[in-house]
Every structure is written in C-alpha cells, then in structure tokens.
$ cat final22.txt   # compact mmCIF, C-alpha atoms and all ligand atoms
# COMPACT_ATOMS: atom_id res chain seq x y z
CA MET R 180 69.30 113.98 88.12
CA LEU R 181 70.74 110.95 89.92
CA ARG R 182 73.69 109.29 88.25
CA TRP R 183 76.07 106.75 89.63
CA ASN R 184 78.94 104.69 88.45
CA PRO R 185 77.77 101.17 87.44
CA GLU R 186 81.31 99.94 88.06
CA LEU R 187 80.60 100.21 91.79
CA TYR R 188 77.74 97.69 91.80
CA GLY R 189 78.41 94.92 94.32
CA ARG R 190 81.67 96.53 95.46
CA SER R 191 83.01 96.80 99.02
CA LEU R 192 84.83 99.75 100.60
CA LEU R 193 87.41 98.57 103.11
CA ARG R 194 89.85 101.41 102.56
CA LEU R 195 89.79 104.35 100.14
CA ALA R 196 92.37 102.66 97.92
CA ASP R 197 89.57 100.24 96.92
CA LEU R 198 88.15 103.05 94.78
CA THR R 199 89.87 104.66 91.83
CA ASP R 200 90.26 108.43 92.20
CA GLU R 201 87.44 108.93 89.73
CA GLU R 202 85.15 106.43 91.49
CA MET R 203 85.71 108.22 94.80
CA LEU R 204 84.74 111.54 93.23
CA ASN R 205 81.68 109.88 91.62
CA VAL R 206 80.51 108.77 95.09
CA ILE R 207 80.87 112.34 96.38
CA GLU R 208 78.95 113.69 93.38
CA LEU R 209 76.14 111.19 94.01
CA SER R 210 76.12 112.16 97.71
CA VAL R 211 75.52 115.80 96.74
CA ALA R 212 72.60 114.74 94.51
CA LEU R 213 71.13 112.51 97.24
CA LYS R 214 71.37 115.35 99.74
CA ALA R 215 69.43 117.61 97.37
CA ARG R 216 66.89 114.81 96.83
CA ARG R 217 66.28 114.48 100.56
CA ARG R 218 66.13 118.25 101.03
CA ALA R 219 63.44 118.28 98.32
CA GLY R 220 61.45 115.89 100.50
CA VAL R 221 61.91 112.80 98.35
CA ARG R 222 62.01 109.46 100.12
CA GLY R 223 62.30 106.98 97.25
CA ASP R 224 62.69 103.29 96.61
CA LEU R 225 66.28 103.13 95.42
CA LEU R 226 67.07 100.59 98.13
CA LYS R 227 63.64 98.95 98.35
CA ARG R 228 63.77 95.71 100.38
CA ARG R 229 67.55 95.89 100.57
CA GLN R 230 68.69 94.67 103.97
CA VAL R 231 71.98 95.53 105.62
CA ALA R 232 73.64 94.15 108.73
CA LEU R 233 75.40 96.76 110.87
CA ILE R 234 78.03 95.00 113.00
CA PHE R 235 79.40 97.30 115.70
CA GLU R 236 82.18 96.32 118.10
CA LYS R 237 82.77 99.98 119.08
CA SER R 238 80.23 102.66 119.95
CA SER R 239 78.97 105.22 117.46
CA THR R 240 76.53 108.08 117.09
CA ARG R 241 77.05 109.30 113.52
CA THR R 242 78.01 106.13 111.67
CA ARG R 243 75.36 103.91 113.23
CA ASN R 244 72.51 106.34 112.70
CA SER R 245 73.66 107.37 109.24
CA ALA R 246 73.89 103.74 108.20
CA SER R 247 70.38 102.99 109.54
CA VAL R 248 68.60 106.06 108.23
CA ALA R 249 70.34 106.04 104.83
CA ILE R 250 68.84 102.68 103.94
CA ARG R 251 65.42 103.35 105.47
CA ASP R 252 65.13 106.63 103.53
CA GLU R 253 65.15 104.67 100.31
CA GLY R 254 62.93 101.75 101.28
CA GLY R 255 65.38 99.27 102.83
CA SER R 256 66.13 98.24 106.40
CA ALA R 257 69.04 97.66 108.75
CA GLU R 258 69.76 95.26 111.60
CA TYR R 259 72.07 96.63 114.32
CA LEU R 260 74.27 93.88 115.77
CA THR R 261 76.71 94.35 118.64
CA LYS R 262 79.19 91.77 119.88
CA SER R 263 76.75 90.70 122.55
CA ASP R 264 73.99 90.10 119.95
CA ILE R 265 75.88 87.72 117.70
CA HIS R 266 78.56 85.04 118.11
CA LEU R 267 81.19 86.88 116.03
CA GLY R 268 84.68 86.15 117.26
CA ALA R 269 83.43 84.24 120.34
CA LYS R 270 81.54 81.06 119.46
CA GLU R 271 81.82 81.61 115.73
CA SER R 272 84.71 82.65 113.53
CA VAL R 273 84.56 85.82 111.43
CA LYS R 274 84.72 83.61 108.34
CA ASP R 275 81.65 81.58 109.34
CA THR R 276 79.73 84.66 110.44
CA ALA R 277 80.50 86.26 107.07
CA ARG R 278 79.18 83.22 105.20
CA VAL R 279 75.96 83.19 107.25
CA LEU R 280 75.23 86.92 107.08
CA GLY R 281 76.02 86.99 103.37
CA ARG R 282 73.18 84.49 102.80
CA ILE R 283 70.72 86.70 104.67
CA PHE R 284 71.70 90.31 103.96
CA ASP R 285 72.43 92.34 100.84
CA GLY R 286 75.34 94.17 102.50
CA ILE R 287 77.29 94.50 105.74
CA LEU R 288 78.70 97.60 107.42
CA PHE R 289 81.32 96.88 110.07
CA ARG R 290 82.79 99.06 112.83
CA GLY R 291 85.40 97.54 115.08
CA PHE R 292 88.98 96.95 115.96
CA ALA R 293 90.96 94.87 113.46
CA GLN R 294 91.12 95.78 109.78
CA LYS R 295 91.52 92.03 109.22
CA THR R 296 87.95 91.46 110.47
CA VAL R 297 86.37 93.74 107.86
CA GLU R 298 88.60 92.17 105.20
CA THR R 299 87.50 88.66 106.19
CA LEU R 300 83.84 89.71 106.15
CA ALA R 301 84.32 91.01 102.60
CA GLU R 302 86.24 87.95 101.49
CA TYR R 303 83.69 85.39 102.65
CA SER R 304 80.26 87.06 102.75
CA GLY R 305 79.80 87.43 99.00
CA VAL R 306 78.03 90.80 99.54
CA PRO R 307 79.39 94.34 99.63
CA VAL R 308 81.05 95.26 102.93
CA TRP R 309 81.70 98.82 104.10
CA ASN R 310 84.28 99.79 106.68
CA GLY R 311 82.57 102.04 109.22
CA LEU R 312 85.89 102.48 111.14
CA THR R 313 88.63 100.11 112.20
CA ASP R 314 91.82 100.78 114.15
CA ASP R 315 93.53 101.53 110.82
CA PHE R 316 91.03 103.33 108.58
CA HIS R 317 87.80 105.33 108.49
CA PRO R 318 87.02 105.64 104.76
CA THR R 319 83.31 106.52 104.98
CA GLN R 320 84.21 109.48 107.22
CA ILE R 321 86.56 110.93 104.64
CA LEU R 322 83.93 110.80 101.87
CA ALA R 323 81.80 113.09 104.06
CA ASP R 324 84.80 115.32 104.81
CA LEU R 325 85.63 115.77 101.13
CA MET R 326 81.97 116.41 100.37
CA THR R 327 81.91 119.14 103.04
CA ILE R 328 85.08 120.73 101.66
CA GLN R 329 83.59 120.66 98.15
CA GLU R 330 80.37 122.29 99.44
CA ASN R 331 82.32 125.13 101.03
CA PHE R 332 84.87 125.88 98.33
CA GLY R 333 83.13 124.59 95.20
CA ARG R 334 86.28 122.62 94.42
CA LEU R 335 88.78 120.17 95.89
CA LYS R 336 91.87 120.22 93.70
CA GLY R 337 94.60 122.57 94.86
CA LEU R 338 93.19 123.24 98.34
CA LYS R 339 95.28 122.56 101.45
CA VAL R 340 94.09 120.41 104.38
CA ALA R 341 96.11 120.53 107.60
CA TYR R 342 95.41 117.68 110.00
CA VAL R 343 96.68 118.43 113.51
CA GLY R 344 96.98 115.83 116.26
CA ASP R 345 97.37 112.04 116.42
CA GLY R 346 99.05 111.57 113.05
CA ARG R 347 98.71 107.80 112.84
CA ASN R 348 95.11 107.14 113.74
CA ASN R 349 92.35 105.78 111.50
CA VAL R 350 91.04 109.20 110.50
CA ALA R 351 94.50 110.62 109.74
CA ASN R 352 95.36 107.57 107.61
CA SER R 353 92.21 107.77 105.52
CA LEU R 354 92.24 111.56 105.28
CA MET R 355 95.80 111.47 103.92
CA LEU R 356 94.80 109.05 101.16
CA GLY R 357 91.45 110.75 100.45
CA CYS R 358 93.12 114.13 99.98
CA ALA R 359 95.78 112.60 97.75
CA LYS R 360 93.11 110.96 95.57
CA ALA R 361 91.21 114.24 95.27
CA GLY R 362 94.31 116.32 94.44
CA VAL R 363 94.13 118.16 97.78
CA ASN R 364 97.47 119.12 99.39
CA TYR R 365 97.72 117.37 102.75
CA VAL R 366 99.82 118.30 105.77
CA ASN R 367 99.99 116.12 108.86
CA CYS R 368 101.08 118.08 111.96
CA THR R 369 102.04 115.53 114.58
CA PRO R 370 104.83 114.71 117.07
CA ALA R 371 107.64 112.32 116.10
CA GLU R 372 106.09 109.65 118.36
CA LEU R 373 102.85 109.56 116.35
CA LEU R 374 104.03 109.46 112.76
CA PRO R 375 101.97 107.49 110.25
CA ASP R 376 103.19 104.21 108.76
CA PRO R 377 105.87 105.10 106.15
CA ALA R 378 104.30 102.66 103.66
CA LEU R 379 101.02 104.59 103.84
CA VAL R 380 102.82 107.91 103.47
CA LYS R 381 104.59 106.56 100.39
CA GLU R 382 101.31 105.31 98.88
CA ALA R 383 99.59 108.63 99.55
CA GLY R 384 102.59 110.61 98.26
CA GLU R 385 102.54 108.71 94.95
CA THR R 386 98.78 109.14 94.67
CA ALA R 387 99.03 112.87 95.42
CA ARG R 388 101.78 113.33 92.84
CA ARG R 389 99.71 111.87 90.04
CA ASN R 390 96.96 114.34 91.00
CA GLY R 391 99.30 117.33 91.19
CA ALA R 392 99.23 117.53 95.00
CA THR R 393 101.59 116.91 97.92
CA VAL R 394 101.71 115.03 101.24
CA GLU R 395 103.85 116.59 103.96
CA ILE R 396 104.57 115.96 107.63
CA PHE R 397 105.45 118.71 110.12
CA ASN R 398 106.30 118.43 113.80
CA ASP R 399 105.66 122.13 114.30
CA PRO R 400 101.92 122.77 113.88
CA ALA R 401 102.31 126.56 113.47
CA LYS R 402 104.56 125.97 110.44
CA GLY R 403 102.47 123.12 109.00
CA VAL R 404 99.16 124.96 108.98
CA ALA R 405 100.44 127.99 107.05
CA GLY R 406 98.19 128.52 104.03
CA ALA R 407 95.68 125.85 105.10
CA ASN R 408 92.11 126.05 103.85
CA VAL R 409 90.94 123.28 106.15
CA LEU R 410 92.04 122.77 109.75
CA TYR R 411 91.14 119.24 110.80
CA THR R 412 91.57 117.48 114.10
CA ASP R 413 90.37 114.34 115.85
CA VAL R 414 90.39 113.03 119.42
CA TRP R 415 93.79 112.45 120.99
CA VAL R 416 92.79 109.04 122.30
CA SER R 417 90.95 106.79 119.89
CA MET R 418 88.54 104.05 120.91
CA GLY R 419 90.47 101.06 122.21
CA GLU R 420 93.54 103.13 123.21
CA GLU R 421 92.26 104.37 126.58
CA ALA R 422 95.32 102.98 128.39
CA LYS R 423 97.51 105.48 126.48
CA LYS R 424 95.47 108.50 127.61
CA GLU R 425 97.95 110.19 129.99
CA LYS R 426 100.86 109.97 127.56
CA ARG R 427 98.76 111.19 124.63
CA LEU R 428 97.50 114.23 126.50
CA ARG R 429 101.09 115.16 127.33
CA LEU R 430 102.30 114.63 123.76
CA LEU R 431 99.44 116.37 122.03
CA ARG R 432 98.82 119.39 124.24
CA PRO R 433 100.94 121.60 121.85
CA TYR R 434 98.77 120.40 118.96
CA GLN R 435 95.49 121.88 120.17
CA VAL R 436 93.50 123.70 117.49
CA ASN R 437 92.90 127.13 119.03
CA ALA R 438 92.70 130.80 118.02
CA GLU R 439 96.48 131.06 117.76
CA LEU R 440 96.69 128.13 115.36
CA VAL R 441 93.81 129.50 113.31
CA LYS R 442 95.80 132.74 112.98
CA ALA R 443 98.89 130.79 111.93
CA THR R 444 97.03 129.56 108.81
CA GLY R 445 97.10 133.13 107.48
CA ASN R 446 93.57 132.45 106.18
CA ALA R 447 91.55 133.46 109.25
CA GLY R 448 88.47 135.36 108.11
CA GLY R 449 89.08 134.12 104.56
CA GLU R 450 89.18 130.77 102.79
CA LEU R 451 89.28 128.61 105.92
CA ILE R 452 87.01 126.01 107.51
CA PHE R 453 87.39 123.82 110.59
CA LEU R 454 86.47 120.13 110.46
CA HIS R 455 86.40 117.36 113.09
CA CYS R 456 84.98 113.89 112.55
CA LEU R 457 83.40 114.11 116.05
CA PRO R 458 82.86 113.32 118.87
CA ALA R 459 85.03 116.23 120.10
CA PHE R 460 86.45 117.27 123.45
CA HIS R 461 85.94 121.01 123.08
CA ASP R 462 84.44 122.08 126.39
CA HIS R 463 84.19 121.26 130.08
CA GLU R 464 81.10 119.14 129.61
CA THR R 465 82.97 116.59 127.53
CA ALA R 466 86.44 117.03 129.07
CA VAL R 467 88.22 113.90 130.24
CA THR R 468 89.17 115.48 133.55
CA ALA R 469 87.58 118.44 135.24
CA GLU R 470 90.71 120.58 135.01
CA SER R 471 91.58 119.75 131.40
CA GLY R 472 88.80 121.78 129.72
CA ALA R 473 89.06 121.66 125.96
CA LEU R 474 91.48 119.12 124.53
CA GLU R 475 92.04 118.85 120.77
CA VAL R 476 90.00 121.99 119.92
CA THR R 477 88.93 125.01 121.94
CA ASP R 478 85.29 125.94 122.23
CA ASP R 479 85.70 129.26 120.37
CA VAL R 480 87.02 127.45 117.27
CA PHE R 481 84.50 124.61 117.53
CA GLU R 482 81.59 127.09 117.73
CA ALA R 483 82.98 129.58 115.18
CA PRO R 484 81.07 130.34 111.95
CA PHE R 485 83.87 128.74 109.95
CA SER R 486 83.41 125.46 111.86
CA LYS R 487 81.46 123.10 109.60
CA VAL R 488 81.42 120.08 111.88
CA PHE R 489 77.65 119.59 111.88
CA ASP R 490 77.40 119.81 108.08
CA GLU R 491 80.20 117.26 108.06
CA ALA R 492 78.24 115.02 110.47
CA GLU R 493 75.11 115.28 108.34
CA ASN R 494 77.12 114.41 105.25
CA ARG R 495 77.99 111.04 106.82
CA MET R 496 74.41 110.02 106.04
CA HIS R 497 74.40 111.21 102.43
CA THR R 498 77.76 109.61 101.65
CA ILE R 499 76.85 106.26 103.20
CA LYS R 500 73.61 106.38 101.21
CA ALA R 501 75.65 107.01 98.05
CA LEU R 502 77.74 103.91 98.80
CA TYR R 503 74.60 101.82 99.32
CA VAL R 504 72.98 103.11 96.14
CA SER R 505 76.13 102.58 94.08
CA ALA R 506 76.61 99.05 95.37
CA MET R 507 73.06 97.67 95.52
CA ALA R 508 70.38 100.00 94.11
CA ASP R 509 67.21 98.51 92.72
CA LEU R 510 67.61 99.73 89.15
CA SER R 511 63.92 99.08 88.37
CA ALA R 512 63.01 101.82 90.91
CA ILE R 513 64.56 104.61 88.86
N1 LIG I 601 82.73 110.36 113.18
C1 LIG I 601 82.23 109.20 113.58
O1 LIG I 601 82.54 108.13 113.06
O2 LIG I 601 81.35 109.31 114.62
P1 LIG I 601 80.72 108.12 115.43
O3 LIG I 601 81.81 107.49 116.26
O4 LIG I 601 79.66 108.77 116.28
O5 LIG I 601 80.13 107.12 114.47
N1 LIG I 602 89.96 108.27 115.84
C1 LIG I 602 88.66 108.19 116.47
C2 LIG I 602 87.58 108.44 115.48
C3 LIG I 602 86.19 108.44 116.02
C4 LIG I 602 85.15 108.66 114.97
C5 LIG I 602 88.49 106.84 117.11
O1 LIG I 602 88.88 105.83 116.51
O2 LIG I 602 87.99 106.78 118.24
$ encode --input "final22.txt" --output "structure tokens"
Amino acid sequence: MLRWNPELYGRSLLRLADLTDEEMLNVIELSVALKARRRAGVRGDLLKRRQVALIFEKSSTRTRNSASVAIRDEGGSAEYLTKSDIHLGAKESVKDTARVLGRIFDGILFRGFAQKTVETLAEYSGVPVWNGLTDDFHPTQILADLMTIQENFGRLKGLKVAYVGDGRNNVANSLMLGCAKAGVNYVNCTPAELLPDPALVKEAGETARRNGATVEIFNDPAKGVAGANVLYTDVWVSMGEEAKKEKRLRLLRPYQVNAELVKATGNAGGELIFLHCLPAFHDHETAVTAESGALEVTDDVFEAPFSKVFDEAENRMHTIKALYVSAMADLSAI
C-alpha cells in the first residue's frame, strides 16, 4: 500500500530542516514501499509525463543515475544539464535560469557548489527543487542512510551513529541533523581543525533533545565510537576542495575507519553496520597516491558483511523517487 504525506506536494528539499521530523520519516516510509514495489516488478505511472531538470555542476554516479531512473521508473523523464550545456551563472543569472526552467519543468534537482544557488532556484522557479549536494548539505543522501539503518535494525530511535572524518563537510552536516530529527544519537569524531559550524551543532542539539537523543563531538575517535551501531565515514577531500588535499590527509590519517576502530565500538560481530555515502578510497585502485593505499576506510571494513554501502547506494534511488512522488505525483494514476 503506497501512502504519502499530502503536505509535501509541491515542496522543495534544500536542507533537512525543510521537513518536519514526521515528514522526514514519512518520506523514508514511502521509500521502503517504493522499493518493495520495484522489487515486485511494478513500473507504474505515478510520475507520468512529469519532467525534471537535473542541473549538475559537480560529477556524480549515484545521485545523477538515481534521479534519472527514479522518474523514468514511474513514467516521467529527466534532462541532464551540466554547466557547459546551459548558461547558468555565465551568460544568465541563477534567478533568470530558475524562472525559465520553472516554466518548462515540473521540478529541478541541483548538485553544485553554493547553497545559495539551490536556494535561488527554489525561490524563483516556482517548482519543487531538490538539493542533490552542495558544499554545505547533502539531504537526499541522508534519507537513504536513515532508510538503510532502519532496514538493518528495524528502528531508528535510540541507535547511535558515529561519523568519523571531516566533521564539517556536507554529509556530516546533513547526517547530524537527520539523526537528530530521527531520534538517533549522533557522535562526530573529528579533529579540532574540522569542527562543524557551532550554529548547526546548536540546531541539531536542540532537535535531538526534543527527540530524546544527543549530539556529541569527540576529537578521539576510539572514545567517540564506543557503543556505536553505525560507523559512517566520507572522503577526506570533498569535491571543490582539492587544493586542501595534503593537509587533509595529514589531519585525518588518525581517523581512518579500520579493524581497530571497529573493535573500539564494542559492537563488532553484533549490532553494527558500516556506511559510506561513496565514492570511497578503500583500496589501491582508487587511492590518491600509489603509496597511500586505503584512506578513510580500509578494504577489510569496506568489504565486510556488516558493510551496507551498496544497499545504501541503491536506497538513493528509492528515496529520491519518494521525494518526487511526494512533491509531484499524478494522483489520477493511483
Ligand atoms: N553519494 C553520492 O552522492 O554519490 P555521487 O557523488 O556518485 O552522486
Ligand atoms: N563530501 C563528499 C560527498 C560526495 C558524495 C563531496 O562533497 O565530495
């Protein structure tokens, strides 16, 4: 049975705070139902003739393909637009581009640098806009992460997620808020140089409190991960920050997720999963330099049975589909 929250019709998602806690959980619930629907072989018409523009300033494997396939699965279509395809930010302002695309498309998904760009698209396009990653946030990723946690534990509330690595990047920011909204205890294990914005920590802390959970920051990863049910990491150098690579590798080397850190959770072999938004530097093939080998996660952890990274990647598609359906489904198709 497919059910979604009518309050979400026509709504954008620029950061997770745009959803109430309940709305966020409704989207995850719908994602689970849509996953079952696809597994049952159903390709329906929920998004029949809906058209979305996918504007990508940065590269992507999961988000781009999830966003394309999610709409096609249910009868709609997507147009992939890179900076070299359209005039955005060069010959035409974001505001004008928004007003043009809003006349043509039913929705816009944006991946790029400035959070301001996705906000301007939402302000002027008149159609729902989804943030597919900016320098500051990655909200659609965290819906898939929470869905994956829910699939593995059958619950969210009361669990503990330990994020280890670059504590102030887009994924860490959104994960902190997503956990807080879901009543999941969140620990950020990061060096003093990479602390998240105090205003975001305050917002997440208040949100967590009202859901009976906590937000904590630890410099010592071995201490922070104690009791964790989810070990989560991300790349040490995000897209657009390549110039900071050498310094980051130096700072974050002690924050690698490896067998020792898994042991430090105290949950190895028990209630523990590993998540990574991907792409990941876990082996020599993807290493930045030949001698560096694995970076943020070692191969044995990445390939372990408790690593759920490919379920997590698949769930990107189901959660983006849930956002599309909630915001613009053809109700006559049900
Ligand atoms: N996790 C994620 O956003 O992956 P892509 O960069 O491949 O879209
Ligand atoms: N923090 C990473 C996430 C990639 C999905 C980046 O911005 O590159």
$ residues_near_ligand --input "final22.txt" --ligand "ligand LIG 601 (chain I)" --cutoff "8 Å" --atoms "all atoms listed in the file" --output "PDB file with C-alpha atoms, in the frame of the given file"
ATOM      1  CA  SER R 238      80.230 102.660 119.950  1.00  0.00           C
ATOM      2  CA  SER R 239      78.970 105.220 117.460  1.00  0.00           C
ATOM      3  CA  THR R 240      76.530 108.080 117.090  1.00  0.00           C
ATOM      4  CA  ARG R 241      77.050 109.300 113.520  1.00  0.00           C
ATOM      5  CA  THR R 242      78.010 106.130 111.670  1.00  0.00           C
ATOM      6  CA  ARG R 243      75.360 103.910 113.230  1.00  0.00           C
ATOM      7  CA  ASN R 244      72.510 106.340 112.700  1.00  0.00           C
ATOM      8  CA  GLY R 311      82.570 102.040 109.220  1.00  0.00           C
ATOM      9  CA  LEU R 312      85.890 102.480 111.140  1.00  0.00           C
ATOM     10  CA  HIS R 317      87.800 105.330 108.490  1.00  0.00           C
ATOM     11  CA  GLN R 320      84.210 109.480 107.220  1.00  0.00           C
ATOM     12  CA  HIS R 455      86.400 117.360 113.090  1.00  0.00           C
ATOM     13  CA  CYS R 456      84.980 113.890 112.550  1.00  0.00           C
ATOM     14  CA  LEU R 457      83.400 114.110 116.050  1.00  0.00           C
ATOM     15  CA  PRO R 458      82.860 113.320 118.870  1.00  0.00           C
ATOM     16  CA  ALA R 492      78.240 115.020 110.470  1.00  0.00           C
ATOM     17  CA  ARG R 495      77.990 111.040 106.820  1.00  0.00           C
TER      18      ARG R 495
END
$ closest_residue --input "final22.txt" --among "R:Ala196, R:Ala501, R:Val297, R:Val404" --to "Thr386 (chain R)" --atoms "only C-alpha atoms"
R:Ala196
$ atom_distance --input "final22.txt" --atom1 "CA of Arg432 (chain R)" --atom2 "CA of Phe316 (chain R)"
23.7 Å
$ residues_near_point --input "final22.txt" --point "(83.0, 119.0, 97.6)" --cutoff "12 Å" --atoms "only C-alpha atoms" --output "ChimeraX atom specification"
/R:203-212,321-336,338,358,361,363,490-491,494,498
$ residues_near_ligand --input "final22.txt" --ligand "ligand LIG 602 (chain I)" --cutoff "6 Å" --atoms "only C-alpha atoms and all ligand atoms" --output "JSON list (two decimals) with C-alpha atoms, in the frame of the given file"
[["chain", "number", "residue", "atom", "x", "y", "z"],
["R", 348, "ASN", "CA", 95.11, 107.14, 113.74],
["R", 349, "ASN", "CA", 92.35, 105.78, 111.50],
["R", 350, "VAL", "CA", 91.04, 109.20, 110.50],
["R", 414, "VAL", "CA", 90.39, 113.03, 119.42],
["R", 417, "SER", "CA", 90.95, 106.79, 119.89],
["R", 418, "MET", "CA", 88.54, 104.05, 120.91],
["R", 456, "CYS", "CA", 84.98, 113.89, 112.55],
["R", 457, "LEU", "CA", 83.40, 114.11, 116.05]]
$ residues_around --input "final22.txt" --residues "region 368-381 of chain R" --least-positions-apart "5" --cutoff "10 Å" --atoms "all atoms listed in the file" --output "mmCIF file with C-alpha atoms, in the coordinates of the input"
data_model
loop_
_atom_site.group_PDB
_atom_site.id
_atom_site.type_symbol
_atom_site.label_atom_id
_atom_site.label_comp_id
_atom_site.auth_asym_id
_atom_site.auth_seq_id
_atom_site.Cartn_x
_atom_site.Cartn_y
_atom_site.Cartn_z
ATOM 1 C CA ALA R 341 96.110 120.530 107.600
ATOM 2 C CA TYR R 342 95.410 117.680 110.000
ATOM 3 C CA VAL R 343 96.680 118.430 113.510
ATOM 4 C CA GLY R 344 96.980 115.830 116.260
ATOM 5 C CA ASP R 345 97.370 112.040 116.420
ATOM 6 C CA GLY R 346 99.050 111.570 113.050
ATOM 7 C CA ARG R 347 98.710 107.800 112.840
ATOM 8 C CA ASN R 348 95.110 107.140 113.740
ATOM 9 C CA ASN R 349 92.350 105.780 111.500
ATOM 10 C CA ALA R 351 94.500 110.620 109.740
ATOM 11 C CA ASN R 352 95.360 107.570 107.610
ATOM 12 C CA SER R 353 92.210 107.770 105.520
ATOM 13 C CA MET R 355 95.800 111.470 103.920
ATOM 14 C CA LEU R 356 94.800 109.050 101.160
ATOM 15 C CA THR R 386 98.780 109.140 94.670
ATOM 16 C CA ALA R 387 99.030 112.870 95.420
ATOM 17 C CA VAL R 394 101.710 115.030 101.240
ATOM 18 C CA GLU R 395 103.850 116.590 103.960
ATOM 19 C CA ILE R 396 104.570 115.960 107.630
ATOM 20 C CA PHE R 397 105.450 118.710 110.120
ATOM 21 C CA ASN R 398 106.300 118.430 113.800
ATOM 22 C CA ASP R 399 105.660 122.130 114.300
ATOM 23 C CA PRO R 400 101.920 122.770 113.880
ATOM 24 C CA ALA R 401 102.310 126.560 113.470
ATOM 25 C CA LYS R 402 104.560 125.970 110.440
ATOM 26 C CA GLY R 403 102.470 123.120 109.000
ATOM 27 C CA VAL R 404 99.160 124.960 108.980
ATOM 28 C CA THR R 412 91.570 117.480 114.100
ATOM 29 C CA ARG R 427 98.760 111.190 124.630
ATOM 30 C CA LEU R 430 102.300 114.630 123.760
ATOM 31 C CA LEU R 431 99.440 116.370 122.030
ATOM 32 C CA PRO R 433 100.940 121.600 121.850
ATOM 33 C CA TYR R 434 98.770 120.400 118.960
#
$ residues_around --input "final22.txt" --residues "Arg222 (chain R)" --least-positions-apart "2" --cutoff "8 Å" --atoms "all atoms listed in the file" --output "PyMOL selection string"
chain R and resi 216-217+220+224+252-254
$ atom_distance --input "final22.txt" --atom1 "CA of Phe460 (chain R)" --atom2 "CA of Val480 (chain R)"
11.9 Å
$ atom_distance --input "final22.txt" --atom1 "CA of Arg282 (chain R)" --atom2 "CA of Lys295 (chain R)"
20.8 Å
$ closest_residue --input "final22.txt" --among "R:Asp197, R:Asp315, R:Asp264, R:Glu482" --to "Ile452 (chain R)" --atoms "all atoms listed in the file"
R:Glu482
$ closest_residue --input "final22.txt" --among "R:Gly281, R:Asn310, R:Asp478, R:Phe289" --to "Tyr259 (chain R)" --atoms "all atoms listed in the file"
R:Phe289
$ residues_around --input "final22.txt" --residues "Ala277 (chain R)" --least-positions-apart "3" --cutoff "7 Å" --atoms "only C-alpha atoms" --output "VMD selection string"
chain R and resid 273 to 274 280 to 281 300 303 to 304
$ residues_around --input "final22.txt" --residues "Leu454 (chain R)" --least-positions-apart "3" --cutoff "6 Å" --atoms "all atoms listed in the file" --output "ChimeraX atom specification"
/R:411,487-488
$ closest_residue --input "final22.txt" --among "R:Glu382, R:Leu354, R:Asn390, R:Val340" --to "Val366 (chain R)" --atoms "all atoms listed in the file"
R:Val340
$ closest_residue --input "final22.txt" --among "R:Thr444, R:Lys360, R:Asn408, R:His266" --to "Arg389 (chain R)" --atoms "all atoms listed in the file"
R:Lys360
$ decode --input "final22.txt" --residues "region 280-291 of chain R" --atoms "N, CA, C and O atoms" --output "CSV table (one decimal), in the first residue's frame"
chain,number,residue,atom,x,y,z
R,280,LEU,N,13.5,27.7,-16.4
R,280,LEU,CA,13.3,26.2,-16.2
R,280,LEU,C,12.0,25.9,-15.5
R,280,LEU,O,11.4,24.9,-15.8
R,281,GLY,N,11.6,26.8,-14.6
R,281,GLY,CA,10.3,26.6,-13.9
R,281,GLY,C,9.1,26.6,-14.8
R,281,GLY,O,8.1,26.1,-14.5
R,282,ARG,N,9.3,27.3,-16.0
R,282,ARG,CA,8.2,27.3,-17.0
R,282,ARG,C,8.1,26.0,-17.8
R,282,ARG,O,7.1,25.7,-18.4
R,283,ILE,N,9.2,25.3,-17.8
R,283,ILE,CA,9.4,24.1,-18.7
R,283,ILE,C,9.2,22.8,-17.9
R,283,ILE,O,8.6,21.9,-18.4
R,284,PHE,N,9.8,22.8,-16.7
R,284,PHE,CA,9.9,21.5,-16.0
R,284,PHE,C,8.9,21.5,-14.8
R,284,PHE,O,8.5,22.6,-14.3
R,285,ASP,N,8.7,20.3,-14.3
R,285,ASP,CA,7.8,20.2,-13.1
R,285,ASP,C,8.7,20.2,-11.8
R,285,ASP,O,8.1,20.3,-10.7
R,286,GLY,N,10.0,20.0,-12.0
R,286,GLY,CA,10.9,20.0,-10.8
R,286,GLY,C,12.3,20.1,-11.2
R,286,GLY,O,12.6,19.9,-12.4
R,287,ILE,N,13.2,20.5,-10.3
R,287,ILE,CA,14.6,20.7,-10.6
R,287,ILE,C,15.4,20.1,-9.5
R,287,ILE,O,15.2,20.3,-8.3
R,288,LEU,N,16.4,19.2,-9.9
R,288,LEU,CA,17.3,18.7,-8.9
R,288,LEU,C,18.7,19.4,-9.2
R,288,LEU,O,19.1,19.4,-10.3
R,289,PHE,N,19.3,19.9,-8.2
R,289,PHE,CA,20.6,20.6,-8.4
R,289,PHE,C,21.7,20.0,-7.6
R,289,PHE,O,21.5,19.7,-6.4
R,290,ARG,N,22.8,19.8,-8.2
R,290,ARG,CA,24.1,19.5,-7.5
R,290,ARG,C,25.1,20.5,-7.9
R,290,ARG,O,25.4,20.8,-9.0
R,291,GLY,N,25.8,21.1,-6.8
R,291,GLY,CA,26.8,22.1,-7.2
R,291,GLY,C,27.5,22.6,-6.0
R,291,GLY,O,27.6,21.9,-4.9
